[in-house]
>>> print(open('entry32.txt').read())   # compact mmCIF, C-alpha atoms
# COMPACT_ATOMS: atom_id res chain seq x y z
CA MET A 1 -39.87 153.24 139.30
CA LYS A 2 -41.37 151.00 136.63
CA ARG A 3 -37.89 150.30 135.22
CA ARG A 4 -36.67 149.33 138.70
CA ILE A 5 -39.57 146.92 139.16
CA VAL A 6 -38.95 145.41 135.73
CA SER A 7 -35.24 145.02 136.55
CA ALA A 8 -36.16 143.23 139.75
CA LEU A 9 -38.61 140.99 137.94
CA ILE A 10 -36.06 139.88 135.38
CA GLY A 11 -33.71 138.93 138.19
CA ILE A 12 -36.38 136.86 139.90
CA ALA A 13 -37.63 135.36 136.65
CA THR A 14 -34.15 134.39 135.55
CA ILE A 15 -33.11 132.73 138.75
CA SER A 16 -36.46 131.12 139.47
CA LEU A 17 -37.06 129.75 136.01
CA VAL A 18 -33.73 128.41 134.81
CA GLY A 19 -34.04 124.66 134.83
CA HIS A 20 -37.47 125.06 136.50
CA GLY A 21 -36.73 122.87 139.48
CA SER A 22 -32.98 122.50 139.30
CA THR A 23 -30.13 124.24 141.05
CA VAL A 24 -27.96 126.59 139.02
CA THR A 25 -25.08 128.82 140.03
CA GLY A 26 -23.12 131.51 138.28
CA GLU A 27 -23.93 134.40 135.96
CA ALA A 28 -27.67 133.78 135.85
CA VAL A 29 -28.03 135.54 139.18
CA LYS A 30 -26.23 138.66 137.98
CA ALA A 31 -29.05 139.78 135.70
CA SER A 32 -30.14 142.40 138.20
CA LYS A 33 -28.41 143.99 141.14
CA ILE A 34 -31.38 144.17 143.50
CA VAL A 35 -34.55 142.09 143.83
CA SER A 36 -37.48 142.98 146.01
CA GLY A 37 -38.40 140.22 148.44
CA ALA A 38 -42.10 140.72 147.83
CA ILE A 39 -42.48 142.68 144.56
CA SER A 40 -45.37 144.61 145.98
CA ASN A 41 -45.95 148.18 147.06
CA THR A 42 -43.46 147.75 149.88
CA HIS A 43 -39.85 147.60 148.73
CA LEU A 44 -38.30 147.25 152.16
CA ASN A 45 -36.70 143.81 151.80
CA MET A 46 -34.02 144.01 149.14
CA ILE A 47 -31.58 141.29 148.14
CA ASN A 48 -28.25 142.06 146.51
CA LEU A 49 -28.00 139.46 143.74
CA ASP A 50 -24.21 139.74 143.71
CA THR A 51 -24.27 137.77 147.00
CA VAL A 52 -26.39 134.92 145.59
CA THR A 53 -24.31 131.77 145.20
CA GLY A 54 -27.06 129.44 143.96
CA TYR A 55 -30.78 128.78 143.93
CA ASN A 56 -33.45 126.13 143.71
CA GLY A 57 -36.58 127.15 141.78
CA THR A 58 -39.86 125.27 141.72
CA ALA A 59 -43.41 126.10 140.67
CA SER A 60 -44.29 127.09 144.26
CA GLY A 61 -41.30 129.29 145.07
CA LEU A 62 -37.64 130.09 144.95
CA GLN A 63 -34.92 129.41 147.51
CA LEU A 64 -31.92 131.74 147.14
CA TYR A 65 -28.59 130.73 148.68
CA THR A 66 -26.34 133.66 149.62
CA ALA A 67 -22.68 134.07 150.49
CA ASP A 68 -23.51 135.04 154.08
CA GLY A 69 -25.31 131.70 154.57
CA ILE A 70 -28.68 133.26 155.42
CA GLY A 71 -30.58 132.63 152.18
CA TYR A 72 -34.09 133.77 151.24
CA TYR A 73 -37.32 132.17 150.09
CA LEU A 74 -39.63 133.90 147.59
CA GLU A 75 -43.09 132.52 146.89
CA ALA A 76 -44.15 132.25 143.23
CA GLU A 77 -47.42 134.05 143.95
CA ASN A 78 -45.42 137.25 144.43
CA ILE A 79 -44.52 137.16 140.72
CA GLN A 80 -47.95 136.23 139.35
CA ASN A 81 -50.14 139.21 140.18
CA GLY A 82 -52.52 141.19 138.00
CA LYS A 83 -49.91 143.56 136.53
CA THR A 84 -47.17 140.97 136.00
CA GLN A 85 -47.73 137.78 134.05
CA LEU A 86 -45.32 134.96 133.30
CA TYR A 87 -45.57 132.73 130.22
CA TYR A 88 -43.55 129.73 129.04
CA THR A 89 -43.35 129.34 125.26
CA LEU A 90 -42.13 125.79 124.93
CA THR A 91 -44.40 124.75 122.05
CA GLN A 92 -45.99 126.36 119.00
CA LYS A 93 -49.33 126.29 120.82
CA ASP A 94 -47.77 128.30 123.69
CA PHE A 95 -46.33 130.80 121.20
CA ASP A 96 -49.67 131.20 119.40
CA ALA A 97 -51.45 131.79 122.72
CA LEU A 98 -48.90 134.42 123.81
CA THR A 99 -49.04 136.55 120.65
CA PRO A 100 -52.50 138.13 121.27
CA ILE A 101 -51.56 138.70 124.92
CA LEU A 102 -48.48 140.65 123.82
CA GLU A 103 -50.55 142.65 121.34
CA ASN A 104 -52.99 143.64 124.10
CA ARG A 105 -50.83 143.95 127.22
CA ASN A 106 -52.01 147.53 127.94
CA GLY A 107 -49.62 148.31 130.79
CA LYS A 108 -49.09 144.76 132.04
CA ILE A 109 -45.55 143.48 132.48
CA ILE A 110 -45.28 140.31 130.41
CA ILE A 111 -42.38 137.93 131.05
CA GLU A 112 -41.73 135.23 128.47
CA VAL A 113 -39.49 132.24 129.09
CA SER A 114 -38.36 130.08 126.20
CA ASN A 115 -35.52 127.71 125.37
CA GLY A 116 -33.34 127.34 122.30
CA THR A 117 -30.19 125.85 120.89
CA VAL A 118 -27.10 127.57 119.53
CA SER A 119 -26.43 126.29 115.99
CA ASP A 120 -23.02 127.71 115.09
CA SER A 121 -20.01 129.70 116.31
CA GLU A 122 -21.57 132.93 115.00
CA GLY A 123 -24.34 132.71 117.62
CA ASN A 124 -27.12 131.72 115.23
CA GLY A 125 -29.72 129.36 116.64
CA THR A 126 -33.39 128.51 116.99
CA ASP A 127 -35.83 128.36 119.85
CA ASP A 128 -37.89 125.27 120.64
CA CYS A 129 -40.55 126.48 118.19
CA GLU A 130 -37.91 126.55 115.42
CA TYR A 131 -37.86 130.39 115.19
CA TYR A 132 -34.52 132.10 114.59
CA ARG A 133 -32.71 133.48 117.60
CA HIS A 134 -29.27 135.04 117.92
CA TYR A 135 -27.09 134.33 120.95
CA ASP A 136 -23.87 135.89 122.25
CA SER A 137 -21.15 133.92 120.46
CA GLU A 138 -18.62 134.82 123.17
CA LYS A 139 -20.80 133.37 125.91
CA PHE A 140 -22.31 130.35 124.14
CA SER A 141 -20.97 127.57 121.90
CA PRO A 142 -22.62 125.47 119.17
CA GLY A 143 -24.93 122.89 120.72
CA ASP A 144 -25.53 124.85 123.95
CA TYR A 145 -29.12 124.72 125.21
CA VAL A 146 -30.07 128.21 126.41
CA GLN A 147 -33.02 129.59 128.35
CA SER A 148 -34.06 133.12 127.39
CA VAL A 149 -36.15 135.42 129.55
CA PHE A 150 -37.78 138.40 127.84
CA ILE A 151 -39.50 141.26 129.61
CA TYR A 152 -41.73 143.26 127.28
CA ASN A 153 -42.24 147.01 127.49
CA PRO A 154 -45.54 147.55 129.36
CA ASP A 155 -45.97 150.99 127.72
CA THR A 156 -46.54 149.56 124.21
CA ASN A 157 -48.32 146.63 122.58
CA SER A 158 -45.60 145.87 120.02
CA VAL A 159 -44.60 142.20 120.02
CA ASP A 160 -40.95 143.11 119.44
CA ASP A 161 -40.64 145.83 122.11
CA ILE A 162 -38.45 143.99 124.61
CA LEU A 163 -36.97 145.98 127.50
CA TYR A 164 -34.71 143.24 128.87
CA ARG A 165 -33.40 139.90 127.72
CA VAL A 166 -31.29 137.46 129.72
CA ASP A 167 -29.87 134.26 128.27
CA THR A 168 -28.65 131.51 130.59
CA LEU A 169 -26.95 128.23 129.76
CA ILE A 170 -29.00 125.22 130.85
CA GLU A 171 -26.75 122.43 132.05
>>> encode(input="entry32.txt", output="structure tokens")
Amino acid sequence: MKRRIVSALIGIATISLVGHGSTVTGEAVKASKIVSGAISNTHLNMINLDTVTGYNGTASGLQLYTADGIGYYLEAENIQNGKTQLYYTLTQKDFDALTPILENRNGKIIIEVSNGTVSDSEGNGTDDCEYYRHYDSEKFSPGDYVQSVFIYNPDTNSVDDILYRVDTLIE
């Protein structure tokens, strides 16, 4: 069950955070097959992410556009509850603040969002804090600006124990 919730969270995090306020379409929405509409104890409203054609994410919520034309709106407060926490690491200060949180997560689901740039055709690159990061060289090209979403294993406190990672091109 925990794995299913984490899978749903990465789908929501990916599509709600890419561009943080811009509309993006394409592979970013295929990170997870199903997302809970509320991410709570009731998993009755499920969305098949294969039907999502685009989205518009803001700090207050996420509007999903679907192939059937219905669409869905998810409020950001459904992501930020006591067991799930979302962090942007856009600066060194953000990174330094996140490290002790990762080391003491004690069952919490931590989602980290950071950006980076692909440096060469081998997929080597750096994040915005200048730390090394490797990207899929078949998906990304040198100079691409990429947003990465990491979901850390809630069962450990290791800073490198990542359950899921999704990289999305920022246009």
>>> residues_around(input="entry32.txt", residues="A:Asp155", least_positions_apart="6", cutoff="10 Å", atoms="only C-alpha atoms", output="PyMOL selection string")
chain A and resi 105-109+161
>>> atom_distance(input="entry32.txt", atom1="atom CA of A:Gln147", atom2="atom CA of A:Lys93")
18.3 Å
>>> closest_residue(input="entry32.txt", among="A:Ile162, A:Tyr72, A:Pro142, A:Gln92", to="A:Glu112", atoms="all atoms listed in the file")
A:Ile162
>>> closest_residue(input="entry32.txt", among="A:Cys129, A:Val118, A:Val146, A:Ile110", to="A:Val159", atoms="only C-alpha atoms")
A:Ile110
>>> residues_around(input="entry32.txt", residues="A:Asp128", least_positions_apart="2", cutoff="10 Å", atoms="only C-alpha atoms", output="PyMOL selection string")
chain A and resi 89-92+114-117+125-126+130-132+145
>>> residues_near_point(input="entry32.txt", point="(-18.6, 136.5, 115.7)", cutoff="7 Å", atoms="all atoms listed in the file", output="PyMOL selection string")
chain A and resi 121-122+137
>>> atom_distance(input="entry32.txt", atom1="atom CA of A:Asn104", atom2="atom CA of A:Val166")
23.3 Å
>>> atom_distance(input="entry32.txt", atom1="atom CA of A:Val113", atom2="atom CA of A:Gly143")
19.2 Å
>>> closest_residue(input="entry32.txt", among="A:Thr53, A:Ser148, A:Ser119, A:Asn124", to="A:Tyr88", atoms="only C-alpha atoms")
A:Ser148
>>> axis_aligned_box(input="entry32.txt", around="stretch 138-143 of chain A", padding_each_side="5 Å", output="JSON")
{"center_x": -21.8, "center_y": 128.9, "center_z": 122.5, "size_x": 16.3, "size_y": 21.9, "size_z": 16.7}
>>> closest_residue(input="entry32.txt", among="A:Ile111, A:Leu98, A:Leu64, A:Leu169", to="A:Pro154", atoms="only C-alpha atoms")
A:Ile111
